[in-house]
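Next comes coords_0.tsv, a file with TSV, C-alpha atoms (C1' of nucleotides).
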chain	number	residue	atom	x	y	z
A	1	MET	CA	0.00	0.00	0.00
A	2	VAL	CA	1.87	3.05	-1.20
A	3	ASP	CA	-0.61	4.95	-3.29
A	4	ASP	CA	-2.58	7.88	-1.95
A	5	SER	CA	-5.74	6.73	-3.64
A	6	GLU	CA	-5.43	3.43	-1.82
A	7	LYS	CA	-5.22	5.20	1.52
A	8	MET	CA	-8.24	7.22	0.53
A	9	LEU	CA	-10.21	4.10	-0.29
A	10	LEU	CA	-9.33	2.55	3.06
A	11	ALA	CA	-10.28	5.73	4.90
A	12	TYR	CA	-13.48	5.96	2.94
A	13	ALA	CA	-14.51	2.35	3.49
A	14	GLY	CA	-13.76	2.71	7.17
A	15	LYS	CA	-15.92	5.79	7.35
A	16	ARG	CA	-18.78	4.00	5.63
A	17	ILE	CA	-18.51	1.08	8.01
A	18	ARG	CA	-18.50	3.33	11.04
A	19	GLU	CA	-21.46	5.32	9.73
A	20	THR	CA	-23.44	2.19	9.02
A	21	ARG	CA	-22.62	0.73	12.39
A	22	ALA	CA	-23.55	3.95	14.18
A	23	ALA	CA	-26.81	4.16	12.24
A	24	GLN	CA	-27.73	0.82	13.73
A	25	GLY	CA	-26.73	1.78	17.23
A	26	LEU	CA	-24.05	-0.86	17.44
A	27	SER	CA	-20.94	-0.47	19.53
A	28	LEU	CA	-17.62	-1.56	18.14
A	29	GLU	CA	-17.61	-4.46	20.55
A	30	GLN	CA	-21.06	-5.56	19.48
A	31	LEU	CA	-19.98	-5.55	15.85
A	32	ALA	CA	-16.87	-7.44	16.87
A	33	ARG	CA	-19.02	-10.19	18.34
A	34	LEU	CA	-21.33	-10.23	15.33
A	35	THR	CA	-18.48	-10.52	12.85
A	36	GLY	CA	-15.99	-12.55	14.82
A	37	ILE	CA	-13.46	-9.82	14.09
A	38	SER	CA	-11.65	-8.50	17.14
A	39	GLY	CA	-12.39	-5.01	18.43
A	40	PRO	CA	-8.89	-3.71	17.82
A	41	ALA	CA	-8.94	-5.07	14.26
A	42	LEU	CA	-12.27	-3.39	13.59
A	43	SER	CA	-10.98	-0.14	15.01
A	44	LEU	CA	-8.00	-0.23	12.67
A	45	ILE	CA	-10.25	-0.92	9.70
A	46	GLU	CA	-12.74	1.81	10.58
A	47	THR	CA	-9.95	4.34	10.93
A	48	GLY	CA	-8.40	3.36	7.61
A	49	LYS	CA	-5.21	2.02	9.16
A	50	ARG	CA	-5.66	-1.53	8.00
A	51	ASP	CA	-6.10	-3.04	4.54
A	52	PRO	CA	-8.80	-5.68	5.06
A	53	ARG	CA	-9.19	-8.82	3.00
A	54	LEU	CA	-12.21	-9.21	0.82
A	55	THR	CA	-13.77	-11.83	3.08
A	56	THR	CA	-13.19	-9.58	6.09
A	57	LEU	CA	-15.14	-6.85	4.33
A	58	LYS	CA	-17.87	-9.35	3.61
A	59	ARG	CA	-18.17	-10.44	7.23
A	60	ILE	CA	-18.63	-6.81	8.21
A	61	ALA	CA	-21.13	-6.19	5.44
A	62	ASP	CA	-23.12	-9.26	6.43
A	63	ALA	CA	-23.26	-8.21	10.07
A	64	LEU	CA	-24.42	-4.75	9.02
A	65	ARG	CA	-26.88	-6.26	6.57
A	66	VAL	CA	-25.62	-4.33	3.58
A	67	ALA	CA	-24.00	-5.45	0.34
A	68	PRO	CA	-20.19	-5.42	0.47
A	69	ALA	CA	-20.16	-3.14	-2.56
A	70	THR	CA	-21.99	-0.41	-0.71
A	71	LEU	CA	-19.10	-0.12	1.72
A	72	ILE	CA	-16.58	0.82	-0.95
A	73	ALA	CA	-18.58	2.70	-3.56
A	74	ASP	CA	-18.08	6.44	-3.58
A	75	GLY	CA	-21.72	7.31	-3.59
A	76	PRO	CA	-25.17	5.79	-3.42
A	77	VAL	CA	-25.11	2.34	-4.93
A	78	THR	CA	-27.92	0.59	-6.69
A	79	ILE	CA	-27.36	-3.09	-7.12
A	80	GLU	CA	-29.69	-4.70	-9.57
A	81	PRO	CA	-30.40	-8.09	-8.04
A	82	SER	CA	-29.78	-10.85	-10.50
A	83	LEU	CA	-32.85	-12.93	-11.20
A	84	THR	CA	-31.16	-16.13	-10.17
A	85	ALA	CA	-29.62	-14.75	-7.01
A	86	THR	CA	-30.20	-16.65	-3.82
A	87	SER	CA	-30.49	-15.01	-0.43
A	88	GLY	CA	-26.81	-14.35	-0.20
A	89	GLY	CA	-26.50	-13.24	-3.79
A	90	TYR	CA	-23.55	-14.54	-5.78
A	91	ASP	CA	-25.32	-17.40	-7.47
A	92	LEU	CA	-22.57	-19.77	-8.55
A	93	GLY	CA	-23.58	-23.34	-8.00
A	94	GLU	CA	-20.80	-24.78	-5.85
A	95	TYR	CA	-18.48	-21.87	-6.49
A	96	GLN	CA	-18.39	-22.17	-10.24
B	1	MET	CA	-12.01	-18.06	5.44
B	2	VAL	CA	-14.33	-20.89	6.41
B	3	ASP	CA	-17.72	-19.83	5.24
B	4	ASP	CA	-19.22	-21.00	1.99
B	5	SER	CA	-20.59	-17.58	1.17
B	6	GLU	CA	-17.08	-16.21	1.46
B	7	LYS	CA	-15.78	-18.72	-1.05
B	8	MET	CA	-18.64	-17.79	-3.30
B	9	LEU	CA	-17.78	-14.12	-3.10
B	10	LEU	CA	-14.15	-14.83	-3.96
B	11	ALA	CA	-15.17	-17.02	-6.88
B	12	TYR	CA	-17.62	-14.41	-8.05
B	13	ALA	CA	-15.19	-11.50	-7.82
B	14	GLY	CA	-12.60	-13.54	-9.68
B	15	LYS	CA	-15.06	-14.28	-12.41
B	16	ARG	CA	-15.97	-10.61	-12.74
B	17	ILE	CA	-12.30	-9.67	-12.96
B	18	ARG	CA	-11.62	-12.26	-15.61
B	19	GLU	CA	-14.66	-11.24	-17.62
B	20	THR	CA	-13.72	-7.59	-17.46
B	21	ARG	CA	-10.14	-8.33	-18.42
B	22	ALA	CA	-11.23	-10.52	-21.34
B	23	ALA	CA	-13.67	-7.88	-22.51
B	24	GLN	CA	-10.73	-5.53	-22.88
B	25	GLY	CA	-8.58	-8.07	-24.65
B	26	LEU	CA	-5.96	-8.10	-21.94
B	27	SER	CA	-3.86	-11.13	-21.17
B	28	LEU	CA	-3.20	-12.06	-17.58
B	29	GLU	CA	0.40	-10.96	-18.02
B	30	GLN	CA	-0.64	-7.60	-19.39
B	31	LEU	CA	-2.91	-7.02	-16.42
B	32	ALA	CA	-0.07	-8.11	-14.17
B	33	ARG	CA	2.13	-5.39	-15.62
B	34	LEU	CA	-0.64	-2.80	-15.40
B	35	THR	CA	-1.40	-3.57	-11.77
B	36	GLY	CA	2.03	-4.51	-10.49
B	37	ILE	CA	0.46	-7.72	-9.23
B	38	SER	CA	2.30	-10.87	-10.26
B	39	GLY	CA	0.78	-13.23	-12.81
B	40	PRO	CA	0.50	-16.14	-10.40
B	41	ALA	CA	-1.18	-13.92	-7.81
B	42	LEU	CA	-3.68	-12.67	-10.38
B	43	SER	CA	-4.40	-16.21	-11.46
B	44	LEU	CA	-5.16	-17.23	-7.89
B	45	ILE	CA	-7.47	-14.26	-7.43
B	46	GLU	CA	-9.31	-14.82	-10.71
B	47	THR	CA	-9.88	-18.45	-9.84
B	48	GLY	CA	-11.17	-17.60	-6.38
B	49	LYS	CA	-8.31	-19.31	-4.58
B	50	ARG	CA	-6.98	-16.20	-2.91
B	51	ASP	CA	-8.58	-13.66	-0.59
B	52	PRO	CA	-7.28	-10.32	-1.89
B	53	ARG	CA	-6.83	-7.20	0.20
B	54	LEU	CA	-8.99	-4.21	-0.48
B	55	THR	CA	-6.13	-2.25	-2.02
B	56	THR	CA	-5.30	-5.21	-4.24
B	57	LEU	CA	-8.85	-5.16	-5.53
B	58	LYS	CA	-8.53	-1.45	-6.13
B	59	ARG	CA	-5.34	-1.82	-8.16
B	60	ILE	CA	-7.11	-4.33	-10.37
B	61	ALA	CA	-10.20	-2.14	-10.67
B	62	ASP	CA	-8.08	0.86	-11.59
B	63	ALA	CA	-6.22	-1.05	-14.29
B	64	LEU	CA	-9.52	-2.28	-15.70
B	65	ARG	CA	-10.99	1.21	-15.42
B	66	VAL	CA	-14.00	0.17	-13.38
B	67	ALA	CA	-15.10	1.04	-9.87
B	68	PRO	CA	-13.95	-1.48	-7.26
B	69	ALA	CA	-17.56	-1.95	-6.20
B	70	THR	CA	-18.52	-3.30	-9.61
B	71	LEU	CA	-16.16	-6.24	-9.13
B	72	ILE	CA	-17.95	-7.52	-6.05
B	73	ALA	CA	-21.58	-6.56	-6.55
B	74	ASP	CA	-23.86	-9.40	-7.51
B	75	GLY	CA	-25.50	-7.60	-10.36
B	76	PRO	CA	-25.39	-4.39	-12.35
B	77	VAL	CA	-24.20	-1.55	-10.15
B	78	THR	CA	-25.16	2.05	-10.41
B	79	ILE	CA	-22.90	4.35	-8.48
B	80	GLU	CA	-24.29	7.81	-8.04
B	81	PRO	CA	-21.23	10.03	-8.25
B	82	SER	CA	-21.00	12.35	-5.30
B	83	LEU	CA	-21.08	15.99	-6.31
B	84	THR	CA	-17.78	16.71	-4.66
B	85	ALA	CA	-16.00	13.67	-5.99
B	86	THR	CA	-12.70	14.22	-7.72
B	87	SER	CA	-11.46	12.10	-10.60
B	88	GLY	CA	-10.58	9.22	-8.34
B	89	GLY	CA	-13.74	9.48	-6.34
B	90	TYR	CA	-13.45	9.07	-2.56
B	91	ASP	CA	-13.35	12.73	-1.73
B	92	LEU	CA	-11.84	12.92	1.72
B	93	GLY	CA	-9.44	15.81	1.99
B	94	GLU	CA	-6.19	14.25	3.13
B	95	TYR	CA	-7.83	10.95	4.06
B	96	GLN	CA	-10.27	12.31	6.55
C	1	DG	C1'	-12.52	13.51	40.98
C	2	DA	C1'	-13.88	8.46	40.42
C	3	DC	C1'	-16.43	5.32	37.51
C	4	DG	C1'	-17.96	3.09	33.40
C	5	DA	C1'	-18.51	2.67	28.51
C	6	DT	C1'	-16.33	3.16	24.17
C	7	DC	C1'	-12.67	3.37	21.26
C	8	DT	C1'	-7.49	3.52	20.31
C	9	DT	C1'	-2.84	1.93	20.45
C	10	DA	C1'	0.93	-1.19	21.42
C	11	DC	C1'	2.99	-5.71	21.59
C	12	DC	C1'	3.04	-10.48	20.41
C	13	DT	C1'	1.84	-14.78	17.78
C	14	DT	C1'	-0.14	-17.17	13.89
C	15	DT	C1'	-1.70	-17.28	9.40
C	16	DA	C1'	-2.00	-16.01	4.79
C	17	DA	C1'	-1.36	-12.50	0.93
C	18	DA	C1'	1.96	-11.11	-2.35
C	19	DG	C1'	6.27	-11.30	-5.17
C	20	DA	C1'	9.71	-14.21	-7.62
C	21	DT	C1'	10.82	-18.01	-9.99
C	22	DA	C1'	10.30	-22.26	-12.20
C	23	DA	C1'	7.85	-26.15	-13.86
C	24	DC	C1'	3.82	-27.79	-15.95
C	25	DA	C1'	-0.53	-27.95	-18.89
C	26	DA	C1'	-3.44	-26.65	-22.79
C	27	DG	C1'	-4.24	-24.52	-27.15
C	28	DC	C1'	-2.95	-22.94	-31.42
C	29	DC	C1'	-0.45	-22.60	-35.61
C	30	DT	C1'	2.75	-23.46	-39.32
D	1	DA	C1'	6.40	-32.74	-33.92
D	2	DG	C1'	8.21	-28.05	-32.43
D	3	DG	C1'	7.50	-23.61	-30.91
D	4	DC	C1'	4.58	-19.98	-29.01
D	5	DT	C1'	1.21	-17.94	-26.03
D	6	DT	C1'	-1.50	-18.23	-22.05
D	7	DG	C1'	-2.70	-19.67	-17.80
D	8	DT	C1'	-1.99	-22.85	-13.56
D	9	DT	C1'	0.52	-24.78	-9.82
D	10	DA	C1'	4.33	-25.35	-6.55
D	11	DT	C1'	8.00	-23.66	-3.55
D	12	DC	C1'	10.21	-20.08	-1.07
D	13	DT	C1'	10.70	-15.47	1.18
D	14	DT	C1'	8.86	-11.22	2.96
D	15	DT	C1'	5.27	-8.58	4.59
D	16	DA	C1'	1.12	-7.61	6.78
D	17	DA	C1'	-3.70	-9.00	8.31
D	18	DA	C1'	-5.98	-10.86	12.18
D	19	DG	C1'	-6.62	-12.49	17.00
D	20	DG	C1'	-5.44	-11.86	21.96
D	21	DT	C1'	-4.32	-9.13	25.63
D	22	DA	C1'	-3.36	-5.14	28.02
D	23	DA	C1'	-2.63	-0.45	28.55
D	24	DG	C1'	-4.03	4.26	27.38
D	25	DA	C1'	-7.30	7.88	25.89
D	26	DT	C1'	-11.78	10.28	25.74
D	27	DC	C1'	-16.17	10.77	26.78
D	28	DG	C1'	-20.26	11.22	29.92
D	29	DT	C1'	-22.48	10.81	34.33
D	30	DC	C1'	-22.87	10.55	39.08
Write the structure described by the file as structure tokens, please.
Amino acid sequence: MVDDSEKMLLAYAGKRIRETRAAQGLSLEQLARLTGISGPALSLIETGKRDPRLTTLKRIADALRVAPATLIADGPVTIEPSLTATSGGYDLGEYQ
Amino acid sequence: MVDDSEKMLLAYAGKRIRETRAAQGLSLEQLARLTGISGPALSLIETGKRDPRLTTLKRIADALRVAPATLIADGPVTIEPSLTATSGGYDLGEYQ
DNA sequence: GACGATCTTACCTTTAAAGATAACAAGCCT
DNA sequence: AGGCTTGTTATCTTTAAAGGTAAGATCGTC
């Protein structure tokens, strides 16, 4: 991670996560329990100091009941649900 | 990474990356040079065998000239550009 | 001012992402 | 068949994410 735009994305995603969490009245510790991610790790992510893995982002998005994409898009996101999508989205029968 | 839905997200994102790359007539090696990500690493990501970091996803998205969110959303994505957004989006003056 | 809740930071360990390189597997083409 | 391109897989090293724990910092509130 060297690029400025990468730091900005991390800061932005962290801000979105914190906003979404706050909007639901969740404490950082509560989100930690919901996601299985430690409090310190969540704090680092929300403050843009850590570069989370994609599945880490997904665990947070799931706990907050939003699509992962909404946490990194720079504006309101409209996701057109695919017709074949199951509850979790991402309809690939057995990962293919 | 234990969850099935996480594997599905990785497989799905990889598929989207590969589709986008193919649509632009880029070889894996060309994308590797554009992103600075090694060929083997890209191959693992595109086949859903690796859990990329958020900034890794961004480097790929940038090279493919799409928003990072489009690579993980399970359907067509509409991102409403924020009025204050600069070219790169993510308008946070000095990462705040 | 002491207390509690909430978040941050530091330190340590374990695990895995990422780069490099090399070997291997298909396809394709003449 | 031989070479060429393209992608996959394996091994190794370095770096950093993630968990745990504990120590600070910043608040409100009593």
Test item: chain C residues at most 8 Å from chain B, counting only C-alpha atoms (C1' of nucleotides), as a PyMOL selection string
chain C and resi 17-19
Export C-alpha atoms (C1' of nucleotides) of the chosen residues as a PDB file, in the coordinates of the input?
ATOM      1  C1'  DA C  17      -1.360 -12.500   0.930  1.00  0.00           C
ATOM      2  C1'  DA C  18       1.960 -11.110  -2.350  1.00  0.00           C
ATOM      3  C1'  DG C  19       6.270 -11.300  -5.170  1.00  0.00           C
TER       4       DG C  19
END
Query raised in the report: Pick the closest to chain D from A:Ile45, A:Ala73, A:Arg21, A:Ala61: which is it, counting all atoms listed in the file?
Result: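 Nearest to chain D: A:Ile45.
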* Quick one: residues within 8 Å of (-3.5, -15.1, 6.9) (file frame), counting all atoms listed in the file, please, as a list in words. =>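 Applying the cut-off with all atoms listed in the file, one gets DT15, DA16 and DA17 of chain C; DA17 and DA18 of chain D.
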Query raised in the report: If we count all atoms listed in the file, which residues of chain B reach to within 8 Å of chain D? Please list them as a list in words.
Result: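 Selected residues: Ser27, Leu28, Pro40 and Ser43 of chain B.
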Residues just named, written with C-alpha atoms as an mmCIF file, in the frame of the given file:
data_model
loop_
_atom_site.group_PDB
_atom_site.id
_atom_site.type_symbol
_atom_site.label_atom_id
_atom_site.label_comp_id
_atom_site.auth_asym_id
_atom_site.auth_seq_id
_atom_site.Cartn_x
_atom_site.Cartn_y
_atom_site.Cartn_z
ATOM 1 C CA SER B 27 -3.860 -11.130 -21.170
ATOM 2 C CA LEU B 28 -3.200 -12.060 -17.580
ATOM 3 C CA PRO B 40 0.500 -16.140 -10.400
ATOM 4 C CA SER B 43 -4.400 -16.210 -11.460
#
**OP:** Go ahead and compute the interatomic distance for CA of Tyr12 in chain A and CA of Leu44 in chain A, in Å to one decimal.
**Re:**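 We find that CA of Tyr12 in chain A and CA of Leu44 in chain A lie 12.8 Å from each other.
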